[in-house]
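So this block is target-v4.cif, mmCIF, C-alpha atoms (C1' of nucleotides):
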data_start
loop_
_atom_site.label_atom_id
_atom_site.label_comp_id
_atom_site.auth_asym_id
_atom_site.auth_seq_id
_atom_site.Cartn_x
_atom_site.Cartn_y
_atom_site.Cartn_z
CA MET S 483 97.91 -62.66 86.10
CA SER S 484 94.12 -62.65 86.29
CA LEU S 485 91.78 -60.71 88.49
CA PRO S 486 90.96 -62.00 91.96
CA SER S 487 88.68 -64.98 91.75
CA ALA S 488 85.89 -63.17 93.54
CA THR S 489 85.48 -60.74 90.67
CA GLY S 490 85.95 -63.13 87.80
CA LEU S 491 83.80 -65.98 86.65
CA GLY S 492 84.89 -69.15 88.37
CA THR S 493 83.83 -72.66 87.52
CA ASP S 494 80.29 -71.59 88.12
CA ALA S 495 79.53 -67.90 88.26
CA LEU S 496 78.84 -66.25 91.57
CA ALA S 497 79.12 -69.22 93.81
CA GLY S 498 79.93 -69.56 97.48
CA ARG S 499 82.48 -67.24 98.83
CA SER S 500 82.64 -65.01 95.76
CA ARG S 501 78.95 -64.36 95.85
CA ILE S 502 79.07 -63.39 99.51
CA LEU S 503 81.92 -61.00 98.82
CA ASP S 504 80.12 -59.37 95.91
CA ILE S 505 76.95 -58.78 97.89
CA ALA S 506 78.69 -57.72 101.07
CA ALA S 507 80.81 -55.20 99.17
CA ALA S 508 77.71 -53.72 97.54
CA LEU S 509 75.89 -53.39 100.84
CA PHE S 510 78.91 -51.88 102.58
CA VAL S 511 79.07 -49.23 99.87
CA GLU S 512 75.35 -48.48 100.03
CA GLN S 513 74.89 -48.40 103.78
CA GLY S 514 78.30 -48.34 105.38
CA TYR S 515 79.98 -51.15 107.27
CA GLU S 516 78.45 -50.75 110.72
CA ALA S 517 74.97 -50.20 109.36
CA THR S 518 75.10 -53.47 107.42
CA SER S 519 74.27 -56.56 109.45
CA LEU S 520 75.35 -60.11 108.77
CA ARG S 521 71.71 -61.12 108.76
CA GLN S 522 71.10 -58.67 105.95
CA ILE S 523 74.06 -59.93 103.93
CA ALA S 524 73.00 -63.52 104.45
CA ASP S 525 69.46 -62.64 103.40
CA ALA S 526 70.64 -61.06 100.17
CA VAL S 527 72.89 -64.01 99.46
CA GLY S 528 70.11 -66.44 100.20
CA MET S 529 71.46 -68.15 103.28
CA LYS S 530 71.30 -67.87 107.05
CA ALA S 531 73.58 -65.63 109.04
CA GLY S 532 75.31 -68.47 110.83
CA SER S 533 76.37 -70.03 107.54
CA LEU S 534 78.56 -67.05 106.74
CA TYR S 535 80.96 -68.24 109.40
CA TYR S 536 81.86 -71.22 107.32
CA HIS S 537 83.45 -68.78 104.85
CA PHE S 538 84.67 -66.00 107.12
CA ALA S 539 85.88 -65.95 110.68
CA SER S 540 84.17 -62.68 111.56
CA LYS S 541 82.45 -59.65 110.10
CA ASP S 542 85.76 -57.78 110.28
CA ASP S 543 87.37 -60.61 108.36
CA LEU S 544 84.73 -60.31 105.65
CA LEU S 545 85.38 -56.59 105.31
CA THR S 546 89.11 -57.20 105.17
CA ALA S 547 88.63 -59.69 102.35
CA VAL S 548 86.52 -57.18 100.43
CA LEU S 549 89.09 -54.42 100.83
CA ASP S 550 91.97 -56.69 99.90
CA ILE S 551 90.30 -57.45 96.61
CA GLY S 552 89.65 -53.75 96.09
CA MET S 553 93.32 -52.92 96.56
CA GLU S 554 94.41 -55.69 94.23
CA VAL S 555 92.14 -54.26 91.54
CA MET S 556 93.66 -50.81 92.01
CA HIS S 557 97.20 -52.07 91.72
CA THR S 558 96.36 -54.09 88.62
CA ALA S 559 94.78 -51.02 87.03
CA PHE S 560 97.85 -48.96 87.78
CA ASP S 561 100.10 -51.60 86.25
CA ALA S 562 98.09 -51.61 83.05
CA ALA S 563 98.05 -47.83 82.73
CA GLU S 564 101.80 -47.74 83.27
CA LEU S 565 102.48 -50.35 80.63
CA ALA S 566 100.19 -48.70 78.12
CA THR S 567 101.85 -45.29 78.36
CA VAL S 568 105.58 -45.91 78.81
CA ASP S 569 106.54 -43.59 75.99
CA ALA S 570 103.57 -41.23 76.10
CA SER S 571 103.52 -37.53 76.97
CA ALA S 572 102.98 -36.44 80.55
CA GLY S 573 99.39 -35.33 79.91
CA THR S 574 98.54 -38.62 78.26
CA ARG S 575 100.03 -40.61 81.09
CA ILE S 576 98.04 -38.69 83.67
CA GLU S 577 94.85 -39.15 81.73
CA ALA S 578 95.47 -42.87 81.40
CA HIS S 579 96.04 -43.24 85.11
CA VAL S 580 92.97 -41.23 86.03
CA ARG S 581 90.93 -43.35 83.66
CA ALA S 582 92.40 -46.52 85.13
CA HIS S 583 91.68 -45.43 88.69
CA LEU S 584 88.07 -44.60 87.88
CA ALA S 585 87.61 -47.78 85.88
CA ALA S 586 88.91 -49.75 88.85
CA LEU S 587 86.30 -48.03 91.00
CA TYR S 588 83.41 -49.22 88.87
CA GLU S 589 84.30 -51.98 86.48
CA HIS S 590 85.16 -54.76 88.89
CA GLY S 591 82.30 -54.69 91.29
CA PRO S 592 81.97 -52.58 94.41
CA TYR S 593 85.25 -53.74 95.94
CA THR S 594 87.26 -50.63 95.30
CA ALA S 595 84.34 -48.36 96.05
CA ALA S 596 83.98 -50.15 99.38
CA HIS S 597 87.57 -49.23 100.04
CA VAL S 598 86.90 -45.55 99.47
CA VAL S 599 83.78 -45.54 101.57
CA THR S 600 84.64 -47.71 104.56
CA LEU S 601 88.37 -47.62 105.19
CA ARG S 602 88.55 -44.38 107.14
CA THR S 603 86.27 -45.52 109.94
CA ALA S 604 86.96 -49.25 109.68
CA PRO S 605 87.85 -51.14 112.89
CA ALA S 606 91.52 -50.99 113.82
CA VAL S 607 92.16 -54.64 112.93
CA VAL S 608 90.85 -54.08 109.43
CA ARG S 609 92.81 -50.90 108.95
CA ALA S 610 96.00 -52.53 110.13
CA ALA S 611 95.55 -55.27 107.54
CA VAL S 612 94.70 -53.02 104.62
CA VAL S 613 96.46 -49.69 105.12
CA PRO S 614 99.93 -50.91 104.07
CA THR S 615 98.64 -51.96 100.64
CA ARG S 616 96.76 -48.69 100.35
CA ASP S 617 99.92 -46.75 101.19
CA ALA S 618 101.82 -48.65 98.55
CA TYR S 619 99.25 -47.64 95.97
CA GLU S 620 99.47 -44.02 97.02
CA ALA S 621 103.24 -44.19 96.84
CA ARG S 622 103.06 -45.28 93.22
CA TRP S 623 101.04 -42.18 92.42
CA ALA S 624 103.43 -40.03 94.39
CA ASP S 625 106.34 -41.43 92.41
CA LEU S 626 104.56 -40.85 89.13
CA LEU S 627 103.86 -37.22 89.93
CA ALA S 628 107.34 -36.64 91.31
CA SER S 629 108.91 -37.99 88.13
CA LEU S 630 106.76 -35.70 86.00
CA GLN S 631 107.72 -32.77 88.17
CA SER S 632 111.44 -33.43 88.00
CA ALA S 633 111.15 -33.91 84.24
CA GLY S 634 109.71 -30.39 84.10
CA ASP S 635 106.26 -31.39 82.87
CA LEU S 636 104.54 -30.51 86.11
CA ASP S 637 104.62 -27.09 87.75
CA ALA S 638 107.64 -26.92 90.07
CA ASP S 639 105.80 -24.73 92.55
CA ILE S 640 103.04 -27.24 93.20
CA ASP S 641 102.88 -29.02 96.55
CA LEU S 642 102.78 -32.56 95.26
CA HIS S 643 101.40 -34.02 98.44
CA VAL S 644 98.35 -31.79 98.52
CA ALA S 645 97.93 -31.98 94.77
CA ARG S 646 97.85 -35.75 94.81
CA LEU S 647 95.41 -35.94 97.71
CA ALA S 648 93.15 -33.39 96.06
CA LEU S 649 93.16 -35.45 92.88
CA PHE S 650 92.34 -38.57 94.86
CA GLY S 651 89.52 -36.70 96.53
CA ALA S 652 88.12 -35.63 93.19
CA MET S 653 88.29 -39.13 91.75
CA ASN S 654 87.09 -41.00 94.81
CA SER S 655 84.23 -38.63 95.53
CA SER S 656 82.68 -39.88 92.31
CA VAL S 657 81.38 -42.87 94.24
CA GLU S 658 78.91 -40.42 95.76
CA TRP S 659 77.61 -38.95 92.53
CA PHE S 660 78.57 -41.12 89.57
CA ASP S 661 76.22 -43.90 88.57
CA PRO S 662 78.12 -46.50 86.55
CA ALA S 663 74.85 -47.98 85.31
CA ARG S 664 74.05 -44.77 83.47
CA GLY S 665 77.44 -44.73 81.78
CA GLY S 666 79.66 -41.82 80.92
CA LEU S 667 82.73 -42.99 82.80
CA ASP S 668 85.03 -41.98 79.96
CA GLU S 669 83.71 -38.42 79.90
CA VAL S 670 84.04 -38.10 83.65
CA ALA S 671 87.59 -39.41 83.54
CA GLY S 672 88.41 -36.99 80.75
CA THR S 673 86.96 -34.05 82.63
CA ILE S 674 88.75 -34.83 85.87
CA ALA S 675 92.07 -35.46 84.16
CA HIS S 676 91.79 -32.30 82.08
CA GLN S 677 90.81 -30.30 85.12
CA PHE S 678 93.73 -31.62 87.12
CA TRP S 679 96.19 -31.01 84.35
CA ASN S 680 95.00 -27.77 82.74
CA GLY S 681 92.55 -26.22 85.16
CA VAL S 682 89.19 -24.75 84.29
CA ALA S 683 90.17 -21.14 83.65
CA ARG S 684 89.66 -19.77 80.19
CA MET U 1329 73.66 -12.61 112.24
CA SER U 1330 75.93 -14.58 114.51
CA LEU U 1331 77.04 -18.15 114.29
CA PRO U 1332 74.83 -20.88 115.72
CA SER U 1333 74.93 -20.84 119.48
CA ALA U 1334 76.42 -24.30 119.64
CA THR U 1335 79.63 -23.09 118.05
CA GLY U 1336 79.96 -19.75 119.78
CA LEU U 1337 80.56 -18.99 123.39
CA GLY U 1338 77.29 -18.64 125.19
CA THR U 1339 76.71 -17.31 128.67
CA ASP U 1340 79.00 -20.01 129.93
CA ALA U 1341 81.20 -21.78 127.49
CA LEU U 1342 80.41 -25.32 126.46
CA ALA U 1343 77.35 -25.88 128.55
CA GLY U 1344 74.43 -28.23 128.18
CA ARG U 1345 73.17 -28.82 124.70
CA SER U 1346 76.10 -27.09 122.98
CA ARG U 1347 78.60 -29.27 124.70
CA ILE U 1348 76.77 -32.41 123.69
CA LEU U 1349 76.64 -31.24 120.09
CA ASP U 1350 80.34 -30.44 120.02
CA ILE U 1351 81.36 -33.81 121.38
CA ALA U 1352 78.87 -35.79 119.34
CA ALA U 1353 80.00 -34.09 116.15
CA ALA U 1354 83.63 -34.87 116.91
CA LEU U 1355 82.88 -38.54 117.59
CA PHE U 1356 80.73 -38.87 114.50
CA VAL U 1357 83.62 -37.56 112.43
CA GLU U 1358 86.17 -39.85 114.07
CA GLN U 1359 84.20 -43.06 114.12
CA GLY U 1360 81.16 -42.60 111.94
CA TYR U 1361 77.56 -42.29 113.06
CA GLU U 1362 76.60 -45.93 113.51
CA ALA U 1363 79.83 -46.82 115.24
CA THR U 1364 79.30 -44.10 117.85
CA SER U 1365 77.00 -45.06 120.72
CA LEU U 1366 74.98 -42.75 122.90
CA ARG U 1367 76.71 -44.22 125.92
CA GLN U 1368 80.04 -43.19 124.47
CA ILE U 1369 78.85 -39.67 123.78
CA ALA U 1370 77.37 -39.38 127.25
CA ASP U 1371 80.60 -40.65 128.73
CA ALA U 1372 82.67 -38.05 126.93
CA VAL U 1373 80.26 -35.32 127.93
CA GLY U 1374 80.28 -36.51 131.53
CA MET U 1375 76.71 -37.65 131.92
CA LYS U 1376 74.63 -40.80 131.62
CA ALA U 1377 73.14 -41.98 128.34
CA GLY U 1378 69.55 -41.51 129.48
CA SER U 1379 70.17 -37.86 130.22
CA LEU U 1380 70.82 -37.12 126.58
CA TYR U 1381 67.12 -37.58 125.95
CA TYR U 1382 66.34 -34.45 127.87
CA HIS U 1383 68.12 -32.54 125.09
CA PHE U 1384 67.37 -34.67 122.03
CA ALA U 1385 64.46 -36.86 121.10
CA SER U 1386 66.60 -39.55 119.50
CA LYS U 1387 70.05 -40.33 118.19
CA ASP U 1388 68.88 -39.43 114.70
CA ASP U 1389 67.66 -36.13 116.05
CA LEU U 1390 71.09 -35.44 117.53
CA LEU U 1391 72.76 -36.12 114.20
CA THR U 1392 70.25 -33.91 112.43
CA ALA U 1393 71.02 -31.07 114.82
CA VAL U 1394 74.75 -31.49 114.19
CA LEU U 1395 74.31 -31.46 110.43
CA ASP U 1396 71.97 -28.47 110.52
CA ILE U 1397 74.64 -26.46 112.28
CA GLY U 1398 77.19 -27.66 109.76
CA MET U 1399 75.08 -26.45 106.86
CA GLU U 1400 74.44 -23.12 108.49
CA VAL U 1401 78.18 -22.63 108.83
CA MET U 1402 78.69 -23.43 105.16
CA HIS U 1403 76.06 -20.95 104.02
CA THR U 1404 77.45 -18.25 106.25
CA ALA U 1405 80.94 -18.84 104.86
CA PHE U 1406 79.62 -18.60 101.31
CA ASP U 1407 77.85 -15.34 102.11
CA ALA U 1408 81.03 -13.81 103.47
CA ALA U 1409 83.14 -14.87 100.50
CA GLU U 1410 80.56 -13.47 98.13
CA LEU U 1411 80.44 -10.12 99.91
CA ALA U 1412 84.21 -9.86 100.09
CA THR U 1413 84.75 -10.39 96.36
CA VAL U 1414 81.88 -8.64 94.57
CA ASP U 1415 84.18 -6.73 92.26
CA ALA U 1416 87.12 -9.12 92.18
CA SER U 1417 88.48 -11.12 89.26
CA ALA U 1418 87.18 -14.61 88.56
CA GLY U 1419 90.31 -16.28 89.88
CA THR U 1420 90.20 -14.28 93.08
CA ARG U 1421 86.56 -15.07 93.64
CA ILE U 1422 87.17 -18.80 93.22
CA GLU U 1423 90.08 -18.70 95.59
CA ALA U 1424 88.05 -16.84 98.21
CA HIS U 1425 85.25 -19.36 98.00
CA VAL U 1426 87.57 -22.34 98.22
CA ARG U 1427 89.20 -20.75 101.24
CA ALA U 1428 85.81 -20.08 102.81
CA HIS U 1429 84.63 -23.63 102.23
CA LEU U 1430 87.76 -25.10 103.80
CA ALA U 1431 87.66 -22.67 106.69
CA ALA U 1432 84.07 -23.68 107.34
CA LEU U 1433 85.22 -27.29 107.47
CA TYR U 1434 87.68 -26.65 110.25
CA GLU U 1435 87.21 -23.37 112.00
CA HIS U 1436 83.82 -23.91 113.59
CA GLY U 1437 84.16 -27.27 115.16
CA PRO U 1438 83.53 -30.63 113.57
CA TYR U 1439 79.99 -29.78 112.43
CA THR U 1440 80.71 -29.33 108.77
CA ALA U 1441 83.17 -32.18 108.70
CA ALA U 1442 80.46 -34.37 110.18
CA HIS U 1443 78.33 -33.39 107.27
CA VAL U 1444 80.93 -34.56 104.76
CA VAL U 1445 81.56 -37.80 106.57
CA THR U 1446 78.11 -38.97 107.64
CA LEU U 1447 75.48 -37.63 105.26
CA ARG U 1448 75.80 -40.19 102.50
CA THR U 1449 74.91 -43.16 104.68
CA ALA U 1450 72.79 -41.33 107.23
CA PRO U 1451 69.33 -42.74 108.05
CA ALA U 1452 66.59 -41.68 105.66
CA VAL U 1453 64.93 -39.39 108.21
CA VAL U 1454 68.13 -37.48 108.72
CA ARG U 1455 68.82 -37.21 105.02
CA ALA U 1456 65.33 -35.96 104.33
CA ALA U 1457 65.82 -33.20 106.88
CA VAL U 1458 69.26 -32.09 105.73
CA VAL U 1459 69.55 -32.76 102.01
CA PRO U 1460 67.45 -29.76 100.91
CA THR U 1461 69.79 -27.34 102.67
CA ARG U 1462 72.76 -29.19 101.23
CA ASP U 1463 71.29 -28.93 97.75
CA ALA U 1464 70.77 -25.21 98.20
CA TYR U 1465 74.43 -24.82 99.08
CA GLU U 1466 75.49 -26.80 96.04
CA ALA U 1467 73.18 -24.70 93.88
CA ARG U 1468 74.96 -21.55 95.00
CA TRP U 1469 78.25 -23.00 93.80
CA ALA U 1470 76.66 -24.11 90.55
CA ASP U 1471 75.38 -20.57 89.99
CA LEU U 1472 78.76 -19.08 90.74
CA LEU U 1473 80.53 -21.32 88.25
CA ALA U 1474 77.85 -20.85 85.62
CA SER U 1475 78.15 -17.08 85.86
CA LEU U 1476 81.91 -17.29 85.46
CA GLN U 1477 81.47 -19.52 82.46
CA SER U 1478 78.96 -17.28 80.72
CA ALA U 1479 81.20 -14.30 81.44
CA GLY U 1480 83.93 -16.11 79.53
CA ASP U 1481 86.28 -16.54 82.48
CA LEU U 1482 85.80 -20.28 82.68
CA ASP U 1483 86.48 -22.71 79.85
CA ALA U 1484 83.30 -23.07 77.80
CA ASP U 1485 84.02 -26.73 77.06
CA ILE U 1486 84.06 -27.77 80.71
CA ASP U 1487 81.22 -29.89 82.06
CA LEU U 1488 80.28 -27.69 84.99
CA HIS U 1489 78.46 -30.41 86.86
CA VAL U 1490 81.40 -32.78 86.94
CA ALA U 1491 83.85 -29.95 87.50
CA ARG U 1492 81.98 -28.73 90.55
CA LEU U 1493 81.61 -32.19 92.06
CA ALA U 1494 85.29 -32.90 91.49
CA LEU U 1495 86.18 -29.66 93.24
CA PHE U 1496 83.92 -30.57 96.13
CA GLY U 1497 85.55 -33.95 96.29
CA ALA U 1498 88.99 -32.38 96.43
CA MET U 1499 87.99 -29.93 99.17
CA ASN U 1500 85.94 -32.33 101.25
CA SER U 1501 88.43 -35.15 101.07
CA SER U 1502 90.72 -32.96 103.13
CA VAL U 1503 88.85 -34.12 106.23
CA GLU U 1504 90.67 -37.40 105.71
CA TRP U 1505 94.18 -36.01 105.48
CA PHE U 1506 94.30 -32.43 106.72
CA ASP U 1507 94.96 -31.88 110.41
CA PRO U 1508 93.73 -28.41 111.42
CA ALA U 1509 95.75 -28.59 114.61
CA ARG U 1510 98.97 -28.64 112.62
CA GLY U 1511 97.93 -25.60 110.60
CA GLY U 1512 98.54 -24.81 106.99
CA LEU U 1513 94.94 -24.32 105.97
CA ASP U 1514 95.77 -21.29 103.90
CA GLU U 1515 98.40 -23.12 101.89
CA VAL U 1516 96.07 -26.03 101.26
CA ALA U 1517 93.30 -23.69 100.15
CA GLY U 1518 95.71 -21.92 97.85
CA THR U 1519 96.93 -25.15 96.32
CA ILE U 1520 93.45 -26.55 95.72
CA ALA U 1521 92.16 -23.29 94.28
CA HIS U 1522 95.19 -22.89 92.03
CA GLN U 1523 94.94 -26.46 90.89
CA PHE U 1524 91.27 -26.13 90.08
CA TRP U 1525 91.76 -22.90 88.22
CA ASN U 1526 95.09 -23.36 86.46
CA GLY U 1527 95.89 -27.04 86.63
CA VAL U 1528 99.23 -28.54 87.53
CA ALA U 1529 100.83 -28.79 84.10
CA ARG U 1530 103.96 -26.77 83.46
"C1'" DG N 1130 78.31 -76.28 103.22
"C1'" DT N 1131 74.08 -74.90 105.17
"C1'" DC N 1132 70.73 -75.40 108.68
"C1'" DT N 1133 68.41 -74.48 113.52
"C1'" DA N 1134 68.80 -72.86 117.84
"C1'" DT N 1135 70.61 -70.07 120.97
"C1'" DA N 1136 74.09 -67.55 124.00
"C1'" DC N 1137 75.50 -63.23 125.11
"C1'" DC N 1138 75.90 -58.53 124.78
"C1'" DA N 1139 75.37 -53.67 123.51
"C1'" DC N 1140 72.26 -50.78 121.58
"C1'" DG N 1141 68.52 -47.02 121.62
"C1'" DA N 1142 64.97 -45.64 124.31
"C1'" DT N 1143 61.62 -44.97 128.40
"C1'" DA N 1144 59.90 -44.21 133.25
"C1'" DG N 1145 60.08 -42.23 137.44
"C1'" DA N 1146 62.91 -40.67 141.49
"C1'" DC N 1147 65.45 -36.74 142.91
"C1'" DG P 1277 68.48 -31.36 134.25
"C1'" DT P 1278 70.51 -35.55 135.58
"C1'" DC P 1279 70.19 -39.89 137.80
"C1'" DT P 1280 69.13 -45.15 138.22
"C1'" DA P 1281 67.04 -48.92 136.51
"C1'" DT P 1282 65.25 -51.40 133.03
"C1'" DC P 1283 62.80 -52.92 128.67
"C1'" DG P 1284 62.89 -54.76 124.12
"C1'" DT P 1285 65.40 -55.44 120.06
"C1'" DG P 1286 68.78 -56.79 117.09
"C1'" DG P 1287 73.67 -57.43 116.78
"C1'" DT P 1288 77.83 -60.92 116.29
"C1'" DA P 1289 79.07 -65.23 117.12
"C1'" DT P 1290 78.93 -70.39 118.48
"C1'" DA P 1291 77.44 -75.40 118.71
"C1'" DG P 1292 75.85 -79.27 116.77
"C1'" DA P 1293 72.51 -81.64 113.59
"C1'" DC P 1294 72.08 -82.79 108.85
#
For the file at hand, write its structure as C-alpha cells.
Amino acid sequence: MSLPSATGLGTDALAGRSRILDIAAALFVEQGYEATSLRQIADAVGMKAGSLYYHFASKDDLLTAVLDIGMEVMHTAFDAAELATVDASAGTRIEAHVRAHLAALYEHGPYTAAHVVTLRTAPAVVRAAVVPTRDAYEARWADLLASLQSAGDLDADIDLHVARLALFGAMNSSVEWFDPARGGLDEVAGTIAHQFWNGVAR
Amino acid sequence: MSLPSATGLGTDALAGRSRILDIAAALFVEQGYEATSLRQIADAVGMKAGSLYYHFASKDDLLTAVLDIGMEVMHTAFDAAELATVDASAGTRIEAHVRAHLAALYEHGPYTAAHVVTLRTAPAVVRAAVVPTRDAYEARWADLLASLQSAGDLDADIDLHVARLALFGAMNSSVEWFDPARGGLDEVAGTIAHQFWNGVAR
DNA sequence: GTCTATACCACGATAGAC
DNA sequence: GTCTATCGTGGTATAGAC
C-alpha cells in the first residue's frame, strides 16, 4: 500500500491535481483556509483561477481533498509504528508512535499540518467529511493508551482522555514552532515522548 | 490593578465598546478571524456594521484590541501565581502556573482563547502589535523553568525550549476540547501539570 | 486541460443625516 | 452613538472558446 498519489511521485512529478493539492495545502497552513484565495493558489500553481474547477468542484472540495490525504498519512504512520513495536516495551511503543505522528506532520508535505491548522474552523461540509476519519485516528491512540494502562505500564490514576488530548496538543502545536527545514525532528520527538512518559521533574 | 474594563463590570454591564469586544472575541474563537464578518458581529451586538467604526478604526484594530486584552489577562494571571507561590516547592509552583494559565484561558471571557486561535495567521499589522507582549509572556515562563532547572528541581537533560513549547501546546490545545461551561477546569489543570512534571508512566 | 470573460455577491470601509 | 446608503474591491464560481 503506497502513499496517496498526491504525495508521491507519479508518472511525472508534481503534475496536475497533485501539484494543486501540494500548493494549496502549503498556503492553507501558512495563511489559514479563509485567508487563502483561489486566485492566489492558481497563481502559485501557474494557472488561472477558473482552471482549478476542472480539478475540484469547489474551494471546500479542495480543502476536503487536502485533509483526506492528511488523515491517510496519519493512519499509515500509525500502522507502521504499530508493526515496528509489537513486542517492544511500553515506553518504546509510545516513543515510536510519537515519532510517527510527528514524522507524518512534516515528512509528507503540508497535508497533515493543514489538518491540524484548519479543521477546527473549517466549513461544516468539510468537517462532516473529515471528522469521522479523524475520530478513528484518535480512537486508535485511545486504545493504545488504554491497553498500556490496563497492562499496568501507565499510571492507573491518570485521566486517559485528558492525557491523550494534552499529548496531541503538545505534538500538534509543533506546527507553530518547529521548522522541518532546519531539522531536529528526532530530538523533538524524543523530548516530547520522554516528557509525556517520564515528566520533567528531577 | 483591576482587570481590563472590557472584562469587568463597568458602570452598566456589557455596554458599548466592551460588549462589542466580548462578542467579537467569542466569534473569532468559534469561527476564526477571516471567517467572521463585521456584519455578523454587528448583528450579534444588535447594531449595524457601520456603527462599529465609531468604536474601532478597522477590523484589524478590533482584533488587536481583543488580543491586547487577552495578553493582559495572561500577564495578570502569571503575576498572581508567582505571588502565591514564592516559597513553595517546584512542583507546586508549576501546578499553580498551569492552573493560572488555564484559568486565564476561560475565566475572563474568550479574549485569551482568541489569542491562541487567531494569532498565528493574523494579519501582519495585528501580529506586529501583539507579538512583543506575547513574547514577554513566554519569556516569563522560560525564566521560571530555567530557574527550576538551575536549582536542580528540573531534569538537567531536558531541552527547556521544546519542553516549554510542548507544555504550551498541551495547555492551549484545550480550547479545542475543553468546555468551560461543563466545568472541570481544576481537574484538567491538575492532570496537565502532573503529566508535565511526573509523566504518565507507572 | 487551460484560457478569457464575466456574473454575482459579500466584504470592509466611508459619508452624512439624525 | 447609531443609522442609512453606498462605494470599491476582491471573493467564488460559471460559460464557452480553444
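The spacing separating atom CA of S:Ala606 from atom CA of S:Gly591 amounts to 24.6 Å.
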What are the residues of chain N that have an atom within 10 Å of an atom of chain S, counting all atoms listed in the file, as a ChimeraX atom specification? /N:1130-1133
May I have the residues of chain P within 10 Å of chain S, counting only C-alpha atoms (C1' of nucleotides), written as a JSON list (two decimals) with C-alpha atoms (C1' of nucleotides), keeping the file's coordinate frame?
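Saved the output as iface_28.json:
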[["chain", "number", "residue", "atom", "x", "y", "z"],
["P", 1286, "DG", "C1'", 68.78, -56.79, 117.09],
["P", 1287, "DG", "C1'", 73.67, -57.43, 116.78],
["P", 1288, "DT", "C1'", 77.83, -60.92, 116.29],
["P", 1289, "DA", "C1'", 79.07, -65.23, 117.12],
["P", 1290, "DT", "C1'", 78.93, -70.39, 118.48]]
Could you tell me which residues the PyMOL selection byres ((chain U) within 8 of (chain S)) returns for this structure, as an MDAnalysis selection string? chainID U and resid 1358:1360 1362:1363 1419 1448:1449 1480:1484 1486:1487 1490:1491 1493:1502 1504:1505 1516 1519:1520 1523:1530
Export of the given selection (C-alpha atoms) as a CSV table (one decimal), keeping the file's coordinate frame:
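File part-v8.csv, as written:
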chain,number,residue,atom,x,y,z
U,1358,GLU,CA,86.2,-39.8,114.1
U,1359,GLN,CA,84.2,-43.1,114.1
U,1360,GLY,CA,81.2,-42.6,111.9
U,1362,GLU,CA,76.6,-45.9,113.5
U,1363,ALA,CA,79.8,-46.8,115.2
U,1419,GLY,CA,90.3,-16.3,89.9
U,1448,ARG,CA,75.8,-40.2,102.5
U,1449,THR,CA,74.9,-43.2,104.7
U,1480,GLY,CA,83.9,-16.1,79.5
U,1481,ASP,CA,86.3,-16.5,82.5
U,1482,LEU,CA,85.8,-20.3,82.7
U,1483,ASP,CA,86.5,-22.7,79.8
U,1484,ALA,CA,83.3,-23.1,77.8
U,1486,ILE,CA,84.1,-27.8,80.7
U,1487,ASP,CA,81.2,-29.9,82.1
U,1490,VAL,CA,81.4,-32.8,86.9
U,1491,ALA,CA,83.8,-30.0,87.5
U,1493,LEU,CA,81.6,-32.2,92.1
U,1494,ALA,CA,85.3,-32.9,91.5
U,1495,LEU,CA,86.2,-29.7,93.2
U,1496,PHE,CA,83.9,-30.6,96.1
U,1497,GLY,CA,85.6,-34.0,96.3
U,1498,ALA,CA,89.0,-32.4,96.4
U,1499,MET,CA,88.0,-29.9,99.2
U,1500,ASN,CA,85.9,-32.3,101.2
U,1501,SER,CA,88.4,-35.2,101.1
U,1502,SER,CA,90.7,-33.0,103.1
U,1504,GLU,CA,90.7,-37.4,105.7
U,1505,TRP,CA,94.2,-36.0,105.5
U,1516,VAL,CA,96.1,-26.0,101.3
U,1519,THR,CA,96.9,-25.2,96.3
U,1520,ILE,CA,93.4,-26.6,95.7
U,1523,GLN,CA,94.9,-26.5,90.9
U,1524,PHE,CA,91.3,-26.1,90.1
U,1525,TRP,CA,91.8,-22.9,88.2
U,1526,ASN,CA,95.1,-23.4,86.5
U,1527,GLY,CA,95.9,-27.0,86.6
U,1528,VAL,CA,99.2,-28.5,87.5
U,1529,ALA,CA,100.8,-28.8,84.1
U,1530,ARG,CA,104.0,-26.8,83.5
Using Å and a single decimal, report how far atom CA of U:Leu1395 sits from atom C1' of P:DC1279. 28.9 Å
Using all atoms listed in the file, which of the listed residues (U:Ile1369, U:Ala1393, U:Val1458, U:Ala1432) sits closest to U:Ile1348? U:Ile1369
Expanded to explicit residues, what is the PyMOL selection byres ((chain N and resi 1146) around 10) for this file, as a list in words? DA1144, DG1145 and DC1147 of chain N; DC1279 and DT1280 of chain P
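The two atoms in question, atom CA of U:Val1454 and atom CA of U:Val1503, are spaced 21.1 Å apart.
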Taking all atoms of stretch 1131-1147 of chain N that the file lists, what box with edges along x, y and z, padded by 3 Å per side, do you get, with centre and edge lengths in Å to one decimal, as AutoDock Vina command-line options?
--center_x 67.9 --center_y -56.1 --center_z 124.0 --size_x 22.0 --size_y 44.7 --size_z 43.7
On this structure, which residues satisfy the PyMOL selection byres ((chain P and resi 1284) around 12), written as a list of chain:residue names?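 Written out, the selection comes to N:DC1140, N:DG1141, N:DA1142, N:DT1143, P:DT1282, P:DC1283, P:DT1285, P:DG1286.
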Write a file of the just-selected residues containing C-alpha atoms (C1' of nucleotides), as a PDB file, keeping the file's coordinate frame.
ATOM      1  C1'  DC N1140      72.260 -50.780 121.580  1.00  0.00           C
ATOM      2  C1'  DG N1141      68.520 -47.020 121.620  1.00  0.00           C
ATOM      3  C1'  DA N1142      64.970 -45.640 124.310  1.00  0.00           C
ATOM      4  C1'  DT N1143      61.620 -44.970 128.400  1.00  0.00           C
TER       5       DT N1143
ATOM      6  C1'  DT P1282      65.250 -51.400 133.030  1.00  0.00           C
ATOM      7  C1'  DC P1283      62.800 -52.920 128.670  1.00  0.00           C
ATOM      8  C1'  DT P1285      65.400 -55.440 120.060  1.00  0.00           C
ATOM      9  C1'  DG P1286      68.780 -56.790 117.090  1.00  0.00           C
TER      10       DG P1286
END
